[in-house]
Structures are given as C-alpha cells and as structure tokens.
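Encoded as structure tokens, the structure appears first; notes follow it.
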Amino acid sequence: MKKLLKISSLAFLLITGIACENDDQTIITAKGDPQLLTPLNGAAYVLSPVNAANEATTVVWNHADYSTQTEVNYEIQVAAAGSDFSTYEVAGNTTNRFITWTVEALNGVALEAGLIPYVATDVDVRIKAALGTAGEVVSYSNVITLRLTPYTTELPKLAVPGNHQGWNPPTAPTIASSGFGETDYEGYVWLDGEFKFVAPNAAGEFAWGNTDYGDDGSFSGVLVETGETNASTSAGYYRVKANTTTLTYSVEPTSWGIVGAATPGSWDNSTALTYNTTSKKWEGTVVMTAGEFKFRANNAWDINLGGDNDDDTYMNYGGPNLSNGADGTYLVELNLTNPREYTYTLTAQ
C-alpha cells in the first residue's frame with residue numbers, strides 16, 4: 001500500500017512539473033522591424049575594375065526588436081527597383097548589423113541581379129531578420145533604392161557571322177578588343193566566303209538589327225554601318241582584325257607550327273600543326289626534347305606566341321620562350337578559339 005502511494009505521489013509531481021513547465025514557456029514575437037540607416041536612399045555608385053578591392057559602401061541597420069534577448073540572423077536582399085521583391089538576390093548573411101561591400105562584391109551583386117554592364121540601373125535593398133537556422137519569426141526592414149552602374153571583366157567583342165557558320169550571330173565566332181573602351185578587335189576565325197561583323201546590344205547579345213558592319217564595296221578593308229556589302233575571302237584560317245573607330249578591317253591567312261630548340265626544326269623551321277575542324281585547335285604529334293619553344297604562324301616570326309609576361313595567364317605575342325622539361329613524344333594543341341586568350345597544351349604520349 002505504501003508503495004502504491006509513493007508511485008501515485010511521484011506521478012502527481014511529474015504531471016504538476018510538466019504543467020508548470022508548459023506554463024513557463026516563452027513565446028517569442030517580433031516587436032519591431034530592423035531599420036536601414038545607410039547608405040542613403042537614392043545613393044549612386046559607378047563601379048570600376050580599377051578599384052575593385054576598395055570599399056564601395058557599408059550597409060548599416062538597427063537591430064530587429066524581439067520580445068526576448070536572442071541572436072538574430074540577417075539576410076540582405078537586392079531586387080529590381082519596383083519589383084516588390086518578387087524575385088531577389090541574397091547579397092550577404094550575417095548576425096551583425098552591418099555588411100561591407102567592396103566594389104567587386106557590389107558589382108557581383110549587381111550582375112547577379114541582372115543589371116547590364118555600364119548602364120545605370122536602380123535596385124531595391126532590404127534586410128530580412130529571422131531567428132534560428134529554420135528562419136523563424138521573420139521581419140523585414142524598410143526599403144532603400146540604390147543606383148548602380150556595374151562593369152564586366154570580359155573583353156568587348158564583335159561576332160563574325162557568315163558562310164562559315166550559317167549566318168547566325170549568336171553562335172558566330174568572336175573577335176575581342178585589347179581592353180575596356182578599346183575598339184581594336186582581333187581573333188582567329190575559319191572563314192569560307194562572305195562574312196560580316198555584328199556588335200552586341202546593351203545586354204551583350206549578338207543579333208541582326210544591332211550594329212552591323214560590312215565592306216564599303218571597294219573591298220579595300222574599309223568598314224561601313226549603312227549600305228554595306230558582305231566582306232568575302234577564300235576558305236582558310238585567318239587572323240581577323242576590325243576597328244570600329246577607324247572603320248577598317250583585315251584578314252590575314254595563317255598556318256601554325258611549333259618552333260624552337262625543343263622541336264625537330266630547332267629555331268630555323270617550324271614543325272607544322274594541323275587545324276582540327278572539330279576541336280577548332282591546331283594539333284600535332286611531335287617528338288620533342290627538353291628545351292625551349294614557341295608557336296608561330298606561316299613559318300615566320302611576324303606572328304609568334306610565347307609565354308605570359310603580363311600576368312593574365314594567357315600567351316602573348318612575342319612573349320618569352322616556353323619550356324618543355326623532358327624528352328618525349330607529345331600531342332601539341334594550340335587553342336586560338338578564345339580571342340586574345342590564347343593557350344596551349346603538351347600531353348605526353
């Protein structure tokens with residue numbers, strides 16, 4: 001009987017404890033939304049790769065007010081201005097009440113949000129506050145609008161559509177300028193008959209109806225935008241140049257080889273490579289010794305490619321000699337498909 005009494009008493013205490021515990025549970029509620037303090041609404045930022053590592057701005061907000069002291073997770077959201085955040089990009093997560101964007105980081109945010117390089121565009125920014133990993137008890141800040149002008153690190157390009165690829169600008173090979181704001185385009189293209197040059201629209205898309213350049217009808221290397229005639233040349237692999245400031249163009253036939261102390265012809269005669277129409281690379285299986293080499297066109301030194309001497313990871317015209325470390329037979333591949341970003345590989349066989 002005593003044992004039953006003890007069990008009953010223990011059960012009563014447990015039930016009472018649980019009930020009390022439930023009575024003491026705290027329901028957390030959001031009492032106040034976070035408020036964006038800086039930057040100011042309407043602030044404008046023209047971004048440039050020249051100062052990519054510099055601070056662009058620091059976004060600061062006051063804390064979201066919850067009914068109990070707890071750590072708050074903040075998400076910075078960026079969306080097209082006036083879109084009511086129907087879609088948005090997450091531009092950072094933090095438990096602090098600020099986030100600093102470098103120029104490069106803010107440029108990345110702008111591009112992810114769909115902004116067009118070099119075009120000033122408004123975006124809306126807000127802060128989302130939430131508790132825990134599950135993102136509970138959500139609140140949002142006020143919205144500020146920023147005007148961003150992003151940049152791109154891709155070199156400006158022209159498309160070269162024509163007989164060689166079915167006159168389709170979006171899939172045409174391209175030629176690139178030497179840098180931002182430059183108009184000295186060049187690249188390597190297999191041509192076969194008539195062709196033209198097509199500039200991209202503001203979104204970087206190549207299509208008929210954008211700026212189209214053709215020959216002025218004299219076939220002397222002069223470009224015009226209106227009343228143009230298709231340029232034309234015989235089938236072959238060409239170094240193609242065009243300048244949209246001087247309105248000139250040229251096509252120079254090239255046939256590539258490898259030359260140097262490491263090659264069978266030493267520095268006097270190039271060992272010819274063959275153009276692969278599928279891979280669009282110059283290829284050849286070459287017996288090489290340890291030593292230096294370069295690539296050159298037309299078995300002459302007018303056009304030659306060597307090592308990277310400007311730290312952009314690509315080969316340069318007239319660059320330093322390349323080096324092969326061991327005797328052997330190699331598959332040599334020269335890739336000129338990416339304008340001004342030329343590369344090669346040696347693969348031991």
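Order determines the names: the first chain of the structure tokens is A, the second B, and so forth; residues in each chain are numbered 1 upward, and ligands are numbered 1 upward as they are shown.
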Considering only C-alpha atoms, return as a count of residues only whatever protein or nucleic-acid residues lie within 8 Å of Thr183 (chain A), sequence-local ones (same chain, fewer than 2 positions apart) excluded.
8
Looking only at the backbone, which of the residues in region 23-170 of chain A does DSSP tag as strand (DSSP E), as an NGL selection string?
:A and (30-32 or 35-38 or 44-46 or 55-62 or 65-66 or 73-80 or 89-94 or 98-102 or 121-131 or 136-140 or 144-149 or 157-159)
Applying 6 Å and only C-alpha atoms, which residues near region 114-127 of chain A remain after dropping the ones on its own chain fewer than 2 positions away? List them as a PyMOL selection string.
chain A and resi 75-81+110-112+140-141+143-152+203
I need the residues from that last selection saved to file as a compact mmCIF listing (two decimals), in the first residue's frame (with N, CA and C atoms), if you can.
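Saved result, result.txt, follows:
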# COMPACT_ATOMS: atom_id res chain seq x y z
N GLU A 75 19.60 38.77 -43.42
CA GLU A 75 19.84 38.48 -44.83
C GLU A 75 19.62 39.76 -45.62
N ILE A 76 20.60 40.13 -46.43
CA ILE A 76 20.49 41.34 -47.25
C ILE A 76 19.94 40.93 -48.60
N GLN A 77 18.83 41.53 -49.01
CA GLN A 77 18.16 41.18 -50.26
C GLN A 77 18.20 42.35 -51.23
N VAL A 78 18.49 42.03 -52.51
CA VAL A 78 18.56 43.04 -53.56
C VAL A 78 17.66 42.59 -54.71
N ALA A 79 16.83 43.52 -55.20
CA ALA A 79 15.89 43.19 -56.27
C ALA A 79 15.77 44.37 -57.23
N ALA A 80 15.22 44.11 -58.40
CA ALA A 80 14.95 45.18 -59.35
C ALA A 80 14.03 46.21 -58.71
N ALA A 81 14.31 47.48 -58.94
CA ALA A 81 13.51 48.54 -58.33
C ALA A 81 12.04 48.41 -58.73
N ALA A 110 25.25 43.32 -58.40
CA ALA A 110 24.53 43.97 -59.49
C ALA A 110 24.34 43.04 -60.68
N LEU A 111 25.41 42.33 -61.04
CA LEU A 111 25.32 41.43 -62.19
C LEU A 111 24.40 40.26 -61.91
N GLU A 112 24.46 39.72 -60.68
CA GLU A 112 23.56 38.63 -60.31
C GLU A 112 22.10 39.08 -60.35
N TYR A 140 10.94 42.34 -41.74
CA TYR A 140 11.66 43.00 -42.83
C TYR A 140 11.86 44.48 -42.52
N SER A 141 12.94 45.01 -43.04
CA SER A 141 13.25 46.43 -42.86
C SER A 141 12.51 47.28 -43.88
N VAL A 143 12.70 49.74 -47.20
CA VAL A 143 13.38 49.52 -48.49
C VAL A 143 14.07 50.81 -48.91
N ILE A 144 15.33 50.71 -49.34
CA ILE A 144 16.02 51.84 -49.95
C ILE A 144 16.34 51.49 -51.39
N THR A 145 16.45 52.53 -52.21
CA THR A 145 16.78 52.33 -53.63
C THR A 145 18.17 52.89 -53.90
N LEU A 146 19.00 52.07 -54.56
CA LEU A 146 20.35 52.47 -54.95
C LEU A 146 20.45 52.45 -56.47
N ARG A 147 21.26 53.34 -57.02
CA ARG A 147 21.51 53.34 -58.47
C ARG A 147 22.92 52.81 -58.69
N LEU A 148 23.02 51.68 -59.41
CA LEU A 148 24.29 51.00 -59.63
C LEU A 148 24.66 50.99 -61.11
N THR A 149 25.91 51.27 -61.39
CA THR A 149 26.44 51.13 -62.75
C THR A 149 27.55 50.08 -62.69
N PRO A 150 27.24 48.82 -63.04
CA PRO A 150 28.24 47.76 -62.92
C PRO A 150 29.19 47.72 -64.12
N TYR A 151 30.20 46.89 -64.01
CA TYR A 151 31.15 46.70 -65.11
C TYR A 151 31.27 45.21 -65.39
N THR A 152 31.93 44.87 -66.47
CA THR A 152 32.24 43.49 -66.76
C THR A 152 33.74 43.37 -67.02
N ALA A 203 22.74 44.42 -73.75
CA ALA A 203 22.78 43.24 -72.89
C ALA A 203 23.88 42.27 -73.27
Find the residues near region 323-335 of chain A: any atom within 10 Å, counting only C-alpha atoms, skip ones fewer than 4 places away on the same chain, and give them as number ranges by chain.
A: 188, 256-258, 260-263, 273-276, 279-295, 306-307, 339, 341-349
Written selection (N, CA and C atoms) as a compact mmCIF listing (two decimals), in the first residue's frame:
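Written out: selection_8.txt:
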# COMPACT_ATOMS: atom_id res chain seq x y z
N TYR A 188 40.95 34.80 -84.24
CA TYR A 188 41.24 33.84 -85.31
C TYR A 188 39.95 33.10 -85.68
N TRP A 256 49.74 27.41 -88.59
CA TRP A 256 50.55 27.45 -87.38
C TRP A 256 51.47 26.25 -87.21
N GLY A 257 52.58 26.49 -86.52
CA GLY A 257 53.52 25.43 -86.21
C GLY A 257 54.24 25.72 -84.91
N ILE A 258 55.04 24.77 -84.47
CA ILE A 258 55.83 24.91 -83.25
C ILE A 258 57.30 24.95 -83.64
N GLY A 260 61.59 25.86 -82.20
CA GLY A 260 62.48 26.08 -81.07
C GLY A 260 63.44 24.94 -80.86
N ALA A 261 64.34 25.09 -79.88
CA ALA A 261 65.36 24.09 -79.61
C ALA A 261 64.77 22.74 -79.23
N ALA A 262 63.55 22.75 -78.68
CA ALA A 262 62.90 21.51 -78.26
C ALA A 262 62.21 20.78 -79.41
N THR A 263 62.19 21.38 -80.60
CA THR A 263 61.44 20.82 -81.73
C THR A 263 62.38 20.28 -82.81
N LEU A 273 51.65 22.20 -87.57
CA LEU A 273 50.49 21.65 -86.90
C LEU A 273 49.32 21.64 -87.88
N THR A 274 48.30 20.84 -87.60
CA THR A 274 47.15 20.69 -88.49
C THR A 274 45.90 21.23 -87.80
N TYR A 275 45.10 21.99 -88.53
CA TYR A 275 43.87 22.54 -87.96
C TYR A 275 42.81 21.46 -87.88
N ASN A 276 42.26 21.23 -86.67
CA ASN A 276 41.21 20.26 -86.44
C ASN A 276 39.87 20.99 -86.49
N SER A 279 37.64 20.23 -83.10
CA SER A 279 38.06 20.87 -81.85
C SER A 279 38.39 22.34 -82.05
N LYS A 280 38.59 22.74 -83.34
CA LYS A 280 38.98 24.11 -83.70
C LYS A 280 40.32 24.51 -83.08
N LYS A 281 41.19 23.48 -82.90
CA LYS A 281 42.54 23.71 -82.41
C LYS A 281 43.55 23.30 -83.48
N TRP A 282 44.76 23.86 -83.37
CA TRP A 282 45.89 23.40 -84.18
C TRP A 282 46.58 22.28 -83.40
N GLU A 283 46.74 21.11 -84.04
CA GLU A 283 47.21 19.93 -83.33
C GLU A 283 48.33 19.23 -84.11
N GLY A 284 49.13 18.48 -83.37
CA GLY A 284 50.16 17.66 -83.99
C GLY A 284 50.85 16.79 -82.96
N THR A 285 51.29 15.61 -83.37
CA THR A 285 52.08 14.74 -82.50
C THR A 285 53.55 14.97 -82.85
N VAL A 286 54.32 15.48 -81.90
CA VAL A 286 55.68 15.95 -82.16
C VAL A 286 56.65 15.30 -81.18
N VAL A 287 57.77 14.79 -81.73
CA VAL A 287 58.86 14.29 -80.89
C VAL A 287 59.68 15.50 -80.44
N MET A 288 59.74 15.71 -79.13
CA MET A 288 60.40 16.90 -78.59
C MET A 288 61.49 16.51 -77.60
N THR A 289 62.47 17.36 -77.47
CA THR A 289 63.49 17.22 -76.44
C THR A 289 63.25 18.26 -75.36
N ALA A 290 63.92 18.10 -74.23
CA ALA A 290 63.84 19.12 -73.20
C ALA A 290 64.44 20.41 -73.74
N GLY A 291 63.73 21.51 -73.58
CA GLY A 291 64.25 22.76 -74.10
C GLY A 291 63.14 23.76 -74.36
N GLU A 292 63.51 24.87 -75.00
CA GLU A 292 62.58 25.97 -75.21
C GLU A 292 61.92 25.91 -76.58
N PHE A 293 60.75 26.57 -76.68
CA PHE A 293 60.00 26.58 -77.94
C PHE A 293 59.02 27.73 -77.93
N LYS A 294 58.42 27.99 -79.09
CA LYS A 294 57.34 28.96 -79.24
C LYS A 294 56.41 28.47 -80.34
N PHE A 295 55.33 29.21 -80.55
CA PHE A 295 54.42 28.94 -81.66
C PHE A 295 54.50 30.12 -82.62
N GLY A 306 54.36 33.46 -77.38
CA GLY A 306 55.20 32.91 -76.33
C GLY A 306 54.49 32.92 -75.00
N GLY A 307 55.27 33.00 -73.94
CA GLY A 307 54.72 32.89 -72.60
C GLY A 307 53.98 34.14 -72.14
N PRO A 339 39.29 34.71 -78.35
CA PRO A 339 40.08 35.84 -78.83
C PRO A 339 40.86 36.53 -77.71
N GLU A 341 42.83 35.32 -75.69
CA GLU A 341 43.05 34.45 -74.54
C GLU A 341 43.56 33.10 -75.05
N TYR A 342 44.76 33.15 -75.63
CA TYR A 342 45.31 32.01 -76.35
C TYR A 342 46.08 31.08 -75.39
N THR A 343 45.90 29.78 -75.58
CA THR A 343 46.52 28.79 -74.70
C THR A 343 47.06 27.63 -75.52
N TYR A 344 47.88 26.80 -74.86
CA TYR A 344 48.40 25.60 -75.50
C TYR A 344 48.52 24.50 -74.45
N THR A 345 48.61 23.25 -74.90
CA THR A 345 48.89 22.12 -74.01
C THR A 345 49.87 21.18 -74.69
N LEU A 346 50.74 20.55 -73.90
CA LEU A 346 51.60 19.47 -74.33
C LEU A 346 51.20 18.24 -73.52
N THR A 347 50.79 17.16 -74.18
CA THR A 347 50.36 15.96 -73.49
C THR A 347 51.26 14.81 -73.90
N ALA A 348 52.00 14.24 -72.95
CA ALA A 348 52.92 13.15 -73.25
C ALA A 348 52.14 11.95 -73.78
N GLN A 349 52.69 11.33 -74.82
CA GLN A 349 52.01 10.18 -75.45
C GLN A 349 52.68 8.87 -75.03
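Minimum atom-to-atom distance to Tyr314 (chain A), evaluated using only C-alpha atoms, belongs to A:Leu336 out of A:Val50, A:Ala207, A:Val137, A:Leu336.
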Nearest to Asn168 (chain A) by atom-to-atom distance, counting only C-alpha atoms, from A:Ile99, A:Asn51, A:Phe195, A:Leu40
A:Phe195
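For the choices A:Asn309, A:Thr337, A:Asn321, A:Asn96, the atom-to-atom distance to Tyr237 (chain A) is smallest for A:Thr337 when using only C-alpha atoms.
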Every residue of region 14-245 of chain A that DSSP places in helix (DSSP H, G or I), as a list of chain:residue names
A:Leu14, A:Ile15, A:Thr16, A:Gly17, A:Ile18, A:Ala19, A:Cys20, A:Glu21, A:Asn22, A:Asp23, A:Asp24, A:Pro49, A:Val50, A:Asn51, A:Val103, A:Glu104, A:Ala105, A:Leu106, A:Asn107, A:Gly108, A:Val109, A:Ala110, A:Leu111, A:Glu112, A:Pro169, A:Pro170, A:Thr171
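Shortest atom-to-atom contact with Glu136 (chain A) among A:Leu158, A:Val251, A:Val72, A:Ala300: A:Val72, counting only C-alpha atoms.
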One decimal, in Å: what's the spacing between CA of Gly193 (chain A) and CA of Leu155 (chain A)?
27.0 Å
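In this structure, CA of Tyr213 (chain A) sits 21.1 Å away from CA of Asn338 (chain A).
For the set A:Ser255, A:Thr153, A:Asn62, A:Thr70, the residue with the smallest atom-to-atom gap to Asp33 (chain A) is A:Asn62, counting only C-alpha atoms.
If you look at CA of Ala129 (chain A) and CA of Val109 (chain A), they are 19.6 Å away from each other.
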Give me the residues near Thr246 (chain A) as an MDAnalysis selection string, where near means some atom within 12 Å (using only C-alpha atoms) and where sequence neighbours in that chain fewer than 6 positions away do not count.
chainID A and resid 182:185 221:224
Considering only C-alpha atoms, return as a PyMOL selection string whatever protein or nucleic-acid residues lie within 8 Å of Pro39 (chain A), sequence-local ones (same chain, fewer than 5 positions apart) excluded.
chain A and resi 57-60
